[in-house]
file upload-v5.cif (mmCIF, C-alpha atoms)
data_target
#
loop_
_atom_site.label_atom_id
_atom_site.label_comp_id
_atom_site.auth_asym_id
_atom_site.auth_seq_id
_atom_site.Cartn_x
_atom_site.Cartn_y
_atom_site.Cartn_z
CA MET A 1 52.95 83.89 142.73
CA THR A 2 51.03 86.65 140.97
CA SER A 3 48.60 85.53 138.30
CA THR A 4 48.75 87.34 134.95
CA PHE A 5 46.56 90.41 134.80
CA LEU A 6 44.34 89.02 132.09
CA ARG A 7 43.32 86.18 134.36
CA LYS A 8 43.14 88.27 137.52
CA LYS A 9 40.98 90.93 135.95
CA SER A 10 38.27 89.92 133.52
CA PHE A 11 39.21 91.34 130.15
CA PRO A 12 36.70 93.79 128.65
CA SER A 13 34.65 92.13 125.93
CA ILE A 14 35.26 93.64 122.52
CA SER A 15 31.79 92.83 121.21
CA PRO A 16 29.81 95.09 121.06
CA PRO A 17 32.64 97.47 120.04
CA HIS A 18 34.20 98.70 123.24
CA ASP A 19 35.33 102.22 122.46
CA ALA A 20 35.95 103.38 125.99
CA THR A 21 39.11 105.13 124.83
CA GLU A 22 37.39 107.10 122.08
CA GLY A 23 37.19 110.84 122.57
CA SER A 24 38.73 110.59 126.01
CA GLU A 25 41.99 112.07 127.19
CA THR A 26 43.42 108.56 127.30
CA ALA A 27 42.50 107.99 123.64
CA ASP A 28 44.33 111.18 122.66
CA LEU A 29 47.38 110.10 124.62
CA ALA A 30 47.22 106.61 123.07
CA ALA A 31 47.02 108.01 119.53
CA ARG A 32 49.90 110.41 120.17
CA LEU A 33 52.09 107.66 121.63
CA LEU A 34 51.16 105.27 118.81
CA VAL A 35 52.77 107.58 116.24
CA ALA A 36 55.83 108.38 118.38
CA PRO A 37 59.27 107.07 117.32
CA THR A 38 59.21 104.50 120.16
CA ALA A 39 56.10 102.85 118.66
CA LEU A 40 54.72 103.06 115.13
CA MET A 41 55.79 106.37 113.63
CA GLN A 42 54.67 105.25 110.16
CA LEU A 43 51.02 105.96 111.02
CA THR A 44 49.43 109.40 110.69
CA MET A 45 47.50 110.86 113.66
CA PRO A 46 44.05 110.20 112.09
CA GLU A 47 45.11 106.61 111.37
CA ALA A 48 46.39 106.21 114.94
CA ARG A 49 43.05 107.50 116.26
CA THR A 50 41.27 104.85 114.21
CA VAL A 51 43.55 102.12 115.60
CA VAL A 52 42.90 103.35 119.15
CA ARG A 53 39.16 102.85 118.59
CA TYR A 54 39.93 99.11 118.40
CA MET A 55 41.90 99.15 121.65
CA GLN A 56 40.77 98.91 125.27
CA PRO A 57 42.14 100.93 128.18
CA GLN A 58 43.58 98.92 131.05
CA ILE A 59 45.11 99.66 134.45
CA VAL A 60 47.73 97.21 135.74
CA SER A 61 48.72 97.28 139.43
CA LYS A 62 52.34 97.60 140.53
CA ASP A 63 54.24 94.29 140.74
CA THR A 64 51.79 92.42 138.48
CA VAL A 65 53.47 89.94 136.13
CA PHE A 66 51.25 90.62 133.13
CA ILE A 67 53.30 88.61 130.62
CA ARG A 68 54.93 85.44 131.92
CA GLU A 69 57.86 83.74 130.18
CA GLY A 70 56.75 80.41 128.71
CA ASP A 71 53.06 81.30 128.99
CA VAL A 72 50.93 79.87 126.19
CA LEU A 73 47.54 81.14 127.30
CA ASP A 74 47.43 84.93 127.52
CA THR A 75 49.36 85.60 124.34
CA GLY A 76 46.72 87.18 122.13
CA PHE A 77 47.31 90.87 122.78
CA LEU A 78 49.59 93.78 122.09
CA MET A 79 49.98 96.53 124.68
CA LEU A 80 50.80 100.20 124.22
CA LEU A 81 52.21 101.57 127.47
CA LEU A 82 50.66 105.00 128.19
CA ASP A 83 52.04 105.63 131.63
CA GLY A 84 54.36 103.79 134.04
CA GLU A 85 57.40 101.52 133.81
CA VAL A 86 57.81 97.87 132.89
CA THR A 87 60.69 95.50 133.70
CA VAL A 88 61.36 92.80 131.09
CA GLU A 89 63.02 89.73 132.61
CA THR A 90 64.19 86.28 131.60
CA GLN A 91 64.96 83.20 133.65
CA VAL A 92 68.44 81.71 133.21
CA VAL A 93 68.84 78.01 134.07
CA SER A 94 71.96 78.54 136.19
CA ARG A 95 70.52 81.36 138.34
CA ALA A 96 67.76 81.57 140.92
CA GLU A 97 66.84 85.20 140.17
CA PRO A 98 65.68 86.22 136.67
CA ILE A 99 67.92 88.66 134.79
CA VAL A 100 66.53 92.02 133.72
CA ILE A 101 66.71 92.40 129.94
CA THR A 102 65.37 95.93 129.67
CA LEU A 103 63.18 98.64 131.19
CA LEU A 104 60.32 100.10 129.14
CA GLY A 105 58.61 103.47 129.58
CA PRO A 106 55.58 105.31 128.16
CA GLY A 107 55.16 104.88 124.40
CA SER A 108 56.57 101.34 124.35
CA LEU A 109 54.82 98.55 122.46
CA ILE A 110 54.79 95.25 124.33
CA GLY A 111 53.80 91.74 123.26
CA GLU A 112 53.46 92.30 119.52
CA LEU A 113 55.10 88.98 118.72
CA GLY A 114 52.66 86.92 120.78
CA MET A 115 49.68 88.69 119.24
CA PHE A 116 50.78 87.40 115.87
CA ASP A 117 51.90 83.86 116.54
CA GLY A 118 50.32 82.90 119.88
CA LEU A 119 53.50 80.99 120.79
CA PRO A 120 54.89 80.84 124.36
CA ARG A 121 56.08 84.21 125.67
CA TYR A 122 59.85 84.32 125.70
CA ALA A 123 60.30 86.88 128.46
CA SER A 124 58.32 88.09 131.47
CA CYS A 125 56.98 91.63 131.89
CA VAL A 126 56.46 93.04 135.35
CA ALA A 127 54.76 96.33 136.25
CA ALA A 128 57.50 98.28 138.07
CA THR A 129 54.89 100.97 138.81
CA GLN A 130 51.15 101.12 138.28
CA LEU A 131 50.55 101.11 134.53
CA ARG A 132 48.04 102.79 132.29
CA CYS A 133 47.90 101.10 128.91
CA ALA A 134 45.86 100.43 125.77
CA ILE A 135 45.40 96.86 124.60
CA LEU A 136 44.86 95.55 121.07
CA THR A 137 43.67 91.95 121.09
CA ARG A 138 43.97 89.54 118.17
CA ALA A 139 40.18 89.84 117.77
CA GLY A 140 40.50 93.63 117.71
CA LEU A 141 43.14 93.39 115.00
CA SER A 142 40.86 91.10 112.96
CA ARG A 143 38.04 93.63 113.17
CA LEU A 144 40.41 96.43 112.16
CA MET A 145 41.58 94.35 109.16
CA GLU A 146 37.99 93.81 108.06
CA GLU A 147 36.67 97.30 108.64
CA ASN A 148 39.75 99.44 107.87
CA PRO A 149 42.09 97.24 105.81
CA GLY A 150 44.24 100.15 104.61
CA ILE A 151 44.98 101.31 108.15
CA ALA A 152 45.46 97.70 109.28
CA ALA A 153 48.04 97.23 106.48
CA LYS A 154 49.94 100.33 107.63
CA LEU A 155 49.77 99.16 111.26
CA LEU A 156 51.07 95.72 110.28
CA LEU A 157 53.84 97.21 108.16
CA ALA A 158 54.88 99.34 111.14
CA VAL A 159 54.76 96.38 113.54
CA SER A 160 56.79 94.28 111.05
CA LEU A 161 59.42 97.00 111.05
CA ARG A 162 59.62 96.89 114.83
CA ILE A 163 59.93 93.11 114.92
CA GLY A 164 62.54 93.34 112.15
CA ALA A 165 64.54 95.88 114.15
CA ARG A 166 64.56 93.53 117.12
CA LEU A 167 65.63 90.66 114.84
CA ARG A 168 68.59 92.72 113.65
CA GLU A 169 69.56 93.64 117.23
CA VAL A 170 69.40 90.06 118.47
CA THR A 171 71.30 88.79 115.39
CA ASP A 172 74.08 91.32 116.04
CA LYS A 173 74.31 90.15 119.66
CA LEU A 174 74.39 86.52 118.50
CA LYS A 175 77.24 87.25 116.05
CA MET A 176 79.16 88.86 118.93
CA TYR A 177 78.60 85.84 121.19
CA VAL A 178 79.68 83.40 118.43
CA GLN A 179 82.98 85.27 118.16
CA LEU A 180 83.33 85.46 121.94
CA THR A 181 82.90 81.69 122.34
CA GLN A 182 85.43 81.09 119.54
CA ALA A 183 87.96 83.26 121.38
CA MET A 184 87.20 81.50 124.68
CA GLU A 185 87.56 78.08 123.05
CA GLN A 186 91.07 79.06 121.95
CA GLU A 187 91.81 80.37 125.44
CA ILE A 188 90.67 77.08 127.00
CA GLY A 189 92.54 75.01 124.40
CA SER A 190 95.83 76.90 124.95
CA ARG A 191 95.97 76.34 128.72
CA PRO A 192 97.25 73.20 130.43
CA GLU A 193 94.82 71.11 132.50
CA ALA A 194 94.80 72.01 136.22
CA MET B 195 83.66 90.27 92.42
CA THR B 196 80.13 89.66 91.15
CA SER B 197 77.84 92.66 91.15
CA THR B 198 74.38 92.13 92.63
CA PHE B 199 71.84 90.96 90.10
CA LEU B 200 69.71 94.06 90.37
CA ARG B 201 72.61 96.16 89.16
CA LYS B 202 73.84 93.66 86.59
CA LYS B 203 70.46 93.22 84.99
CA SER B 204 68.21 96.22 84.59
CA PHE B 205 65.19 95.65 86.79
CA PRO B 206 61.84 95.58 84.97
CA SER B 207 59.95 98.83 85.49
CA ILE B 208 56.78 98.37 87.50
CA SER B 209 55.00 101.33 85.95
CA PRO B 210 52.92 100.70 83.86
CA PRO B 211 51.84 97.59 85.80
CA HIS B 212 54.15 94.81 84.73
CA ASP B 213 52.10 91.65 84.99
CA ALA B 214 54.38 89.32 83.07
CA THR B 215 53.65 86.58 85.57
CA GLU B 216 49.88 86.82 85.25
CA GLY B 217 48.14 83.86 83.69
CA SER B 218 51.42 82.13 82.98
CA GLU B 219 52.66 78.83 84.33
CA THR B 220 55.18 80.75 86.44
CA ALA B 221 52.38 82.81 88.01
CA ASP B 222 50.55 79.63 88.99
CA LEU B 223 53.70 78.21 90.53
CA ALA B 224 54.37 81.49 92.35
CA ALA B 225 50.84 81.61 93.79
CA ARG B 226 51.04 77.96 94.88
CA LEU B 227 54.42 78.47 96.57
CA LEU B 228 53.25 81.70 98.20
CA VAL B 229 50.57 79.82 100.19
CA ALA B 230 52.85 76.85 101.05
CA PRO B 231 53.97 76.33 104.69
CA THR B 232 57.51 77.51 103.81
CA ALA B 233 56.18 80.95 102.80
CA LEU B 234 52.89 82.63 103.69
CA MET B 235 50.31 79.93 104.34
CA GLN B 236 47.89 82.49 105.81
CA LEU B 237 46.88 83.65 102.32
CA THR B 238 44.19 81.94 100.24
CA MET B 239 44.97 80.94 96.64
CA PRO B 240 42.93 83.81 95.12
CA GLU B 241 44.73 86.27 97.44
CA ALA B 242 48.10 84.78 96.50
CA ARG B 243 47.24 85.18 92.79
CA THR B 244 46.51 88.86 93.43
CA VAL B 245 49.84 89.31 95.21
CA VAL B 246 51.65 87.61 92.32
CA ARG B 247 50.19 90.22 89.94
CA TYR B 248 52.35 92.78 91.77
CA MET B 249 55.48 90.66 91.42
CA GLN B 250 57.98 90.35 88.54
CA PRO B 251 59.56 87.13 87.31
CA GLN B 252 63.34 87.03 87.39
CA ILE B 253 66.08 84.59 86.38
CA VAL B 254 69.33 84.67 88.39
CA SER B 255 72.45 82.95 86.99
CA LYS B 256 74.36 80.39 89.04
CA ASP B 257 77.01 81.87 91.38
CA THR B 258 75.44 85.36 91.39
CA VAL B 259 75.60 87.10 94.78
CA PHE B 260 72.17 88.68 94.58
CA ILE B 261 72.07 89.91 98.20
CA ARG B 262 75.36 91.09 99.65
CA GLU B 263 76.00 91.37 103.42
CA GLY B 264 76.30 95.03 104.40
CA ASP B 265 74.72 96.26 101.17
CA VAL B 266 72.64 99.40 101.60
CA LEU B 267 71.59 99.93 97.98
CA ASP B 268 69.64 96.97 96.63
CA THR B 269 67.54 96.36 99.70
CA GLY B 270 64.08 97.23 98.47
CA PHE B 271 62.77 93.84 97.43
CA LEU B 272 61.44 90.53 98.68
CA MET B 273 62.05 87.38 96.65
CA LEU B 274 59.99 84.20 96.39
CA LEU B 275 62.22 81.37 95.20
CA LEU B 276 60.36 79.33 92.56
CA ASP B 277 63.13 77.01 91.43
CA GLY B 278 66.78 76.45 92.38
CA GLU B 279 68.91 76.62 95.53
CA VAL B 280 70.34 79.54 97.49
CA THR B 281 73.25 79.57 99.95
CA VAL B 282 72.98 82.10 102.80
CA GLU B 283 76.39 83.12 104.13
CA THR B 284 77.90 85.48 106.65
CA GLN B 285 81.41 86.83 107.03
CA VAL B 286 83.09 86.24 110.41
CA VAL B 287 85.91 88.62 111.35
CA SER B 288 88.30 85.85 112.38
CA ARG B 289 87.89 83.78 109.20
CA ALA B 290 88.80 84.32 105.55
CA GLU B 291 85.94 82.22 104.14
CA PRO B 292 82.32 83.16 104.94
CA ILE B 293 80.34 80.61 106.98
CA VAL B 294 77.20 79.08 105.49
CA ILE B 295 74.18 79.85 107.66
CA THR B 296 71.58 77.91 105.71
CA LEU B 297 70.50 76.53 102.32
CA LEU B 298 67.15 77.59 100.87
CA GLY B 299 65.05 75.75 98.29
CA PRO B 300 61.90 76.40 96.23
CA GLY B 301 59.12 78.12 98.18
CA SER B 302 61.50 80.12 100.36
CA LEU B 303 60.97 83.83 100.97
CA ILE B 304 64.18 85.86 100.90
CA GLY B 305 64.94 89.46 101.83
CA GLU B 306 61.66 90.36 103.54
CA LEU B 307 63.45 92.31 106.27
CA GLY B 308 65.28 94.60 103.85
CA MET B 309 62.11 95.31 101.92
CA PHE B 310 60.62 96.77 105.08
CA ASP B 311 63.45 98.71 106.64
CA GLY B 312 65.97 99.30 103.83
CA LEU B 313 68.81 98.77 106.31
CA PRO B 314 72.10 97.03 105.37
CA ARG B 315 71.69 93.36 104.49
CA TYR B 316 72.97 91.21 107.32
CA ALA B 317 73.83 88.11 105.29
CA SER B 318 74.78 87.32 101.70
CA CYS B 319 72.68 85.16 99.36
CA VAL B 320 74.37 83.27 96.54
CA ALA B 321 72.66 81.36 93.71
CA ALA B 322 73.95 77.80 94.18
CA THR B 323 72.13 76.88 90.94
CA GLN B 324 70.33 78.98 88.34
CA LEU B 325 67.26 80.47 90.05
CA ARG B 326 63.78 81.21 88.89
CA CYS B 327 62.05 83.65 91.23
CA ALA B 328 59.31 86.23 91.68
CA ILE B 329 60.22 89.65 93.09
CA LEU B 330 58.05 92.04 95.10
CA THR B 331 59.61 95.49 95.29
CA ARG B 332 58.80 98.13 97.91
CA ALA B 333 57.01 100.08 95.16
CA GLY B 334 55.01 96.95 94.27
CA LEU B 335 54.00 96.54 97.91
CA SER B 336 52.91 100.19 98.05
CA ARG B 337 50.69 99.68 94.99
CA LEU B 338 49.23 96.52 96.54
CA MET B 339 48.50 98.44 99.77
CA GLU B 340 46.69 101.15 97.83
CA GLU B 341 44.76 98.97 95.41
CA ASN B 342 44.10 95.87 97.56
CA PRO B 343 44.54 96.94 101.20
CA GLY B 344 42.78 93.87 102.62
CA ILE B 345 45.11 91.47 100.81
CA ALA B 346 48.11 93.67 101.64
CA ALA B 347 47.15 93.49 105.34
CA LYS B 348 47.00 89.68 105.17
CA LEU B 349 50.33 89.56 103.34
CA LEU B 350 51.94 91.83 105.94
CA LEU B 351 50.47 89.80 108.81
CA ALA B 352 51.94 86.67 107.23
CA VAL B 353 55.34 88.30 106.69
CA SER B 354 55.31 89.60 110.30
CA LEU B 355 54.73 86.04 111.47
CA ARG B 356 57.77 84.86 109.50
CA ILE B 357 60.00 87.62 110.84
CA GLY B 358 58.67 86.86 114.34
CA ALA B 359 59.51 83.16 113.92
CA ARG B 360 63.07 84.08 112.96
CA LEU B 361 63.30 86.43 115.97
CA ARG B 362 62.29 83.55 118.25
CA GLU B 363 64.84 81.21 116.65
CA VAL B 364 67.69 83.71 116.95
CA THR B 365 66.70 84.59 120.53
CA ASP B 366 66.79 80.90 121.49
CA LYS B 367 70.25 80.56 119.95
CA LEU B 368 71.38 83.70 121.81
CA LYS B 369 70.12 82.32 125.15
CA MET B 370 72.09 79.13 124.46
CA TYR B 371 75.26 81.08 123.69
CA VAL B 372 74.88 83.24 126.83
CA GLN B 373 74.79 80.06 128.94
CA LEU B 374 77.68 78.55 126.98
CA THR B 375 79.91 81.58 127.58
CA GLN B 376 78.97 81.55 131.29
CA ALA B 377 80.07 77.90 131.51
CA MET B 378 83.27 78.66 129.60
CA GLU B 379 84.03 81.64 131.86
CA GLN B 380 83.87 79.30 134.86
CA GLU B 381 86.09 76.80 133.04
CA ILE B 382 88.67 79.50 132.29
CA GLY B 383 88.43 80.91 135.84
CA SER B 384 89.02 77.50 137.46
CA ARG B 385 92.24 76.76 135.60
CA PRO B 386 95.68 78.04 136.57
CA GLU B 387 97.52 80.37 134.16
CA ALA B 388 99.85 78.54 131.80
#
call {"tool": "encode", "arguments": {"input": "upload-v5.cif", "output": "structure tokens"}}
result
Amino acid sequence: MTSTFLRKKSFPSISPPHDATEGSETADLAARLLVAPTALMQLTMPEARTVVRYMQPQIVSKDTVFIREGDVLDTGFLMLLLDGEVTVETQVVSRAEPIVITLLGPGSLIGELGMFDGLPRYASCVAATQLRCAILTRAGLSRLMEENPGIAAKLLLAVSLRIGARLREVTDKLKMYVQLTQAMEQEIGSRPEA
Amino acid sequence: MTSTFLRKKSFPSISPPHDATEGSETADLAARLLVAPTALMQLTMPEARTVVRYMQPQIVSKDTVFIREGDVLDTGFLMLLLDGEVTVETQVVSRAEPIVITLLGPGSLIGELGMFDGLPRYASCVAATQLRCAILTRAGLSRLMEENPGIAAKLLLAVSLRIGARLREVTDKLKMYVQLTQAMEQEIGSRPEA
């Protein structure tokens, strides 16, 4: 069993301000990916650079489970994937192996829901390759809200949009499954018992 | 066919600032309901009063369909229900009558997703009684973000939390339906053809 990367690796303190990404090549990449269509395209580049100043760079080794389904401890962060691939999985009661929900590549935002509500993670994320990423903790977001409220508001609007898009997707899937089960109920009802 | 209330009733202009709710009894009620657990409890009362200054009061007659499933026009507003009851419905392909998803009472926030993304409404909302409500338009939110970015950030954080909570609920339901259809597939597979 792999422990989550935040436990395995001590997480860089954010006080005093930890601007390791600032001015570096990684910071540039993070800012560019933050405004890409896969993440938060509502921010301008200067705004994205400001947000990146509140993030910390992080390397995650291949095969690390850095978000674990059901976890209630390491929920207070949002991750911007700079480089590498992530497998998102969920455990289904009737199966031994988890099922893969999706694969995420560079530019993906991961964990934004948990950063907000701190509730149990509802899927696991596994590093399919070594990852380079930038992390925004809940504490980092609080500092951003205090020091740059206008940019924080734009960031939060953009993140709300992303969560909303996922809500619409999942709702569409649910509607489809409701209809599928109705059709199957009829199918079962119309056949004689074996 | 009832037209949506925003078309039926000309919507109060928000420029110059339309603070009809300010200082009134309705404004007090709106601010109190805005910080209640059913809406955005993360705001303080003074912050809620500021938000209410960017909202407009609105009366909706009984039986008005004020949000229509699939609508792409009147999507740019969020509504705080002050008084009355709302039925949320969705149309299912296989049925003539829409199915009721939920009933909402005073203190409920309605339409927050559409205010953000402007995409087609994915359920209809009908006034089961006459409604008293406070409306925040997309333009009102933009003004709030410019003039009071700190409060806007807190409002957006709170709204993100609500959308996130709904995403978790719908995802849980989806997981349940996936398992249900798997069980039904086995049931259908194990029976002989009629």
call {"tool": "resolve_selection", "arguments": {"input": "upload-v5.cif", "expression": "the PyMOL selection byres ((chain B) within 7 of (chain A))", "output": "PyMOL selection string"}}
result
chain B and resi 307+310-311+339+343-344+346-347+350-351+354-355+357-358+361+364-365+368+371+375+378+382+385-388
call {"tool": "calpha_fit_and_write", "arguments": {"input": "upload-v5.cif", "fixed": "chain A", "moving": "chain B", "output": "short mmCIF file (atom, residue, chain, number, x, y, z; two decimals) with C-alpha atoms, keeping the file's coordinate frame"}}
result
data_model
loop_
_atom_site.label_atom_id
_atom_site.label_comp_id
_atom_site.auth_asym_id
_atom_site.auth_seq_id
_atom_site.Cartn_x
_atom_site.Cartn_y
_atom_site.Cartn_z
CA MET B 195 52.77 83.80 142.66
CA THR B 196 50.90 86.59 140.88
CA SER B 197 48.46 85.50 138.22
CA THR B 198 48.66 87.34 134.90
CA PHE B 199 46.49 90.42 134.77
CA LEU B 200 44.25 89.08 132.04
CA ARG B 201 43.20 86.24 134.30
CA LYS B 202 43.04 88.31 137.47
CA LYS B 203 40.88 90.99 135.95
CA SER B 204 38.15 90.00 133.54
CA PHE B 205 39.07 91.41 130.16
CA PRO B 206 36.55 93.85 128.67
CA SER B 207 34.51 92.19 125.94
CA ILE B 208 35.18 93.66 122.52
CA SER B 209 31.76 92.80 121.14
CA PRO B 210 29.78 95.07 120.94
CA PRO B 211 32.58 97.48 119.97
CA HIS B 212 34.10 98.72 123.19
CA ASP B 213 35.30 102.22 122.44
CA ALA B 214 35.91 103.39 125.99
CA THR B 215 39.06 105.15 124.85
CA GLU B 216 37.36 107.11 122.08
CA GLY B 217 37.18 110.85 122.56
CA SER B 218 38.74 110.63 125.99
CA GLU B 219 42.00 112.11 127.17
CA THR B 220 43.44 108.59 127.30
CA ALA B 221 42.53 108.02 123.64
CA ASP B 222 44.37 111.20 122.66
CA LEU B 223 47.42 110.11 124.61
CA ALA B 224 47.25 106.63 123.08
CA ALA B 225 47.04 108.01 119.53
CA ARG B 226 49.93 110.41 120.18
CA LEU B 227 52.13 107.65 121.63
CA LEU B 228 51.19 105.27 118.82
CA VAL B 229 52.79 107.58 116.22
CA ALA B 230 55.87 108.39 118.37
CA PRO B 231 59.31 107.06 117.31
CA THR B 232 59.24 104.48 120.14
CA ALA B 233 56.12 102.84 118.65
CA LEU B 234 54.73 103.04 115.13
CA MET B 235 55.79 106.35 113.62
CA GLN B 236 54.66 105.22 110.15
CA LEU B 237 51.02 105.95 111.02
CA THR B 238 49.43 109.39 110.68
CA MET B 239 47.51 110.86 113.64
CA PRO B 240 44.07 110.20 112.08
CA GLU B 241 45.13 106.59 111.37
CA ALA B 242 46.41 106.20 114.93
CA ARG B 243 43.07 107.50 116.27
CA THR B 244 41.28 104.83 114.22
CA VAL B 245 43.56 102.12 115.60
CA VAL B 246 42.93 103.35 119.15
CA ARG B 247 39.18 102.85 118.60
CA TYR B 248 39.93 99.11 118.42
CA MET B 249 41.92 99.16 121.65
CA GLN B 250 40.77 98.93 125.29
CA PRO B 251 42.15 100.96 128.18
CA GLN B 252 43.59 98.95 131.05
CA ILE B 253 45.12 99.67 134.46
CA VAL B 254 47.74 97.22 135.76
CA SER B 255 48.71 97.29 139.46
CA LYS B 256 52.34 97.61 140.53
CA ASP B 257 54.24 94.29 140.76
CA THR B 258 51.79 92.42 138.49
CA VAL B 259 53.47 89.93 136.14
CA PHE B 260 51.26 90.63 133.16
CA ILE B 261 53.30 88.61 130.64
CA ARG B 262 54.91 85.45 131.95
CA GLU B 263 57.85 83.72 130.20
CA GLY B 264 56.70 80.40 128.75
CA ASP B 265 53.02 81.30 129.02
CA VAL B 266 50.90 79.85 126.22
CA LEU B 267 47.49 81.13 127.33
CA ASP B 268 47.40 84.92 127.52
CA THR B 269 49.33 85.59 124.36
CA GLY B 270 46.70 87.18 122.16
CA PHE B 271 47.31 90.85 122.79
CA LEU B 272 49.60 93.77 122.08
CA MET B 273 49.99 96.52 124.67
CA LEU B 274 50.81 100.21 124.22
CA LEU B 275 52.23 101.56 127.47
CA LEU B 276 50.69 104.98 128.18
CA ASP B 277 52.07 105.63 131.65
CA GLY B 278 54.38 103.78 134.06
CA GLU B 279 57.43 101.52 133.83
CA VAL B 280 57.82 97.86 132.90
CA THR B 281 60.70 95.49 133.70
CA VAL B 282 61.39 92.78 131.10
CA GLU B 283 63.04 89.72 132.62
CA THR B 284 64.19 86.28 131.61
CA GLN B 285 64.98 83.19 133.65
CA VAL B 286 68.46 81.69 133.18
CA VAL B 287 68.86 78.01 134.06
CA SER B 288 72.00 78.55 136.14
CA ARG B 289 70.57 81.37 138.28
CA ALA B 290 67.81 81.58 140.89
CA GLU B 291 66.89 85.21 140.16
CA PRO B 292 65.71 86.20 136.66
CA ILE B 293 67.96 88.64 134.77
CA VAL B 294 66.56 92.00 133.70
CA ILE B 295 66.73 92.38 129.92
CA THR B 296 65.40 95.91 129.65
CA LEU B 297 63.20 98.62 131.19
CA LEU B 298 60.34 100.07 129.14
CA GLY B 299 58.65 103.45 129.58
CA PRO B 300 55.62 105.29 128.16
CA GLY B 301 55.19 104.87 124.40
CA SER B 302 56.59 101.34 124.35
CA LEU B 303 54.84 98.54 122.47
CA ILE B 304 54.80 95.23 124.33
CA GLY B 305 53.81 91.73 123.27
CA GLU B 306 53.47 92.29 119.52
CA LEU B 307 55.10 88.95 118.73
CA GLY B 308 52.65 86.91 120.80
CA MET B 309 49.69 88.68 119.28
CA PHE B 310 50.77 87.38 115.89
CA ASP B 311 51.89 83.84 116.56
CA GLY B 312 50.31 82.88 119.90
CA LEU B 313 53.48 80.98 120.81
CA PRO B 314 54.87 80.83 124.39
CA ARG B 315 56.07 84.19 125.70
CA TYR B 316 59.84 84.29 125.72
CA ALA B 317 60.29 86.87 128.48
CA SER B 318 58.33 88.07 131.50
CA CYS B 319 56.99 91.62 131.90
CA VAL B 320 56.47 93.05 135.37
CA ALA B 321 54.77 96.34 136.27
CA ALA B 322 57.52 98.27 138.08
CA THR B 323 54.92 100.98 138.82
CA GLN B 324 51.17 101.12 138.29
CA LEU B 325 50.58 101.11 134.52
CA ARG B 326 48.07 102.79 132.31
CA CYS B 327 47.91 101.10 128.91
CA ALA B 328 45.88 100.45 125.77
CA ILE B 329 45.40 96.85 124.61
CA LEU B 330 44.86 95.55 121.08
CA THR B 331 43.67 91.95 121.10
CA ARG B 332 43.94 89.53 118.18
CA ALA B 333 40.15 89.83 117.79
CA GLY B 334 40.48 93.64 117.74
CA LEU B 335 43.12 93.38 115.01
CA SER B 336 40.85 91.09 112.99
CA ARG B 337 38.02 93.64 113.20
CA LEU B 338 40.42 96.42 112.17
CA MET B 339 41.57 94.33 109.18
CA GLU B 340 37.98 93.80 108.08
CA GLU B 341 36.65 97.30 108.66
CA ASN B 342 39.75 99.41 107.88
CA PRO B 343 42.09 97.21 105.81
CA GLY B 344 44.23 100.13 104.60
CA ILE B 345 44.98 101.28 108.14
CA ALA B 346 45.46 97.68 109.28
CA ALA B 347 48.04 97.20 106.49
CA LYS B 348 49.94 100.30 107.64
CA LEU B 349 49.78 99.15 111.25
CA LEU B 350 51.08 95.70 110.30
CA LEU B 351 53.86 97.19 108.16
CA ALA B 352 54.88 99.32 111.14
CA VAL B 353 54.77 96.36 113.54
CA SER B 354 56.80 94.25 111.06
CA LEU B 355 59.43 96.98 111.04
CA ARG B 356 59.64 96.85 114.84
CA ILE B 357 59.93 93.07 114.93
CA GLY B 358 62.54 93.31 112.15
CA ALA B 359 64.54 95.86 114.16
CA ARG B 360 64.56 93.50 117.14
CA LEU B 361 65.64 90.62 114.88
CA ARG B 362 68.60 92.71 113.69
CA GLU B 363 69.55 93.64 117.26
CA VAL B 364 69.41 90.04 118.49
CA THR B 365 71.31 88.79 115.42
CA ASP B 366 74.09 91.32 116.07
CA LYS B 367 74.31 90.17 119.69
CA LEU B 368 74.41 86.54 118.53
CA LYS B 369 77.26 87.27 116.08
CA MET B 370 79.17 88.89 118.95
CA TYR B 371 78.63 85.88 121.21
CA VAL B 372 79.71 83.44 118.47
CA GLN B 373 83.02 85.31 118.17
CA LEU B 374 83.36 85.52 121.95
CA THR B 375 82.95 81.76 122.38
CA GLN B 376 85.45 81.15 119.55
CA ALA B 377 88.00 83.33 121.38
CA MET B 378 87.26 81.58 124.68
CA GLU B 379 87.61 78.14 123.05
CA GLN B 380 91.12 79.13 121.93
CA GLU B 381 91.88 80.43 125.43
CA ILE B 382 90.74 77.15 126.99
CA GLY B 383 92.58 75.09 124.35
CA SER B 384 95.88 76.92 124.92
CA ARG B 385 96.00 76.32 128.66
CA PRO B 386 97.25 73.14 130.33
CA GLU B 387 94.79 71.07 132.40
CA ALA B 388 94.81 71.95 136.08
#
call {"tool": "atom_distance", "arguments": {"input": "upload-v5.cif", "atom1": "CA of Val259 (chain B)", "atom2": "CA of Ala321 (chain B)"}}
result
6.5 Å
call {"tool": "residues_near_point", "arguments": {"input": "upload-v5.cif", "point": "(53.1, 100.2, 120.0)", "cutoff": "8 Å", "atoms": "all atoms listed in the file", "output": "list in words"}}
result
Leu33, Leu34, Thr38, Ala39, Leu40, Leu78, Met79, Leu80, Leu81, Gly107, Ser108, Leu109, Ile110, Glu112 and Val159 of chain A
call {"tool": "closest_residue", "arguments": {"input": "upload-v5.cif", "among": "A:Ala139, A:Val126, A:Leu82, A:Ile59", "to": "Leu103 (chain A)", "atoms": "only C-alpha atoms"}}
result
A:Val126
call {"tool": "residues_around", "arguments": {"input": "upload-v5.cif", "residues": "Cys319 (chain B)", "least_positions_apart": "3", "cutoff": "8 Å", "atoms": "all atoms listed in the file", "output": "PyMOL selection string"}}
result
chain B and resi 259-262+280-283
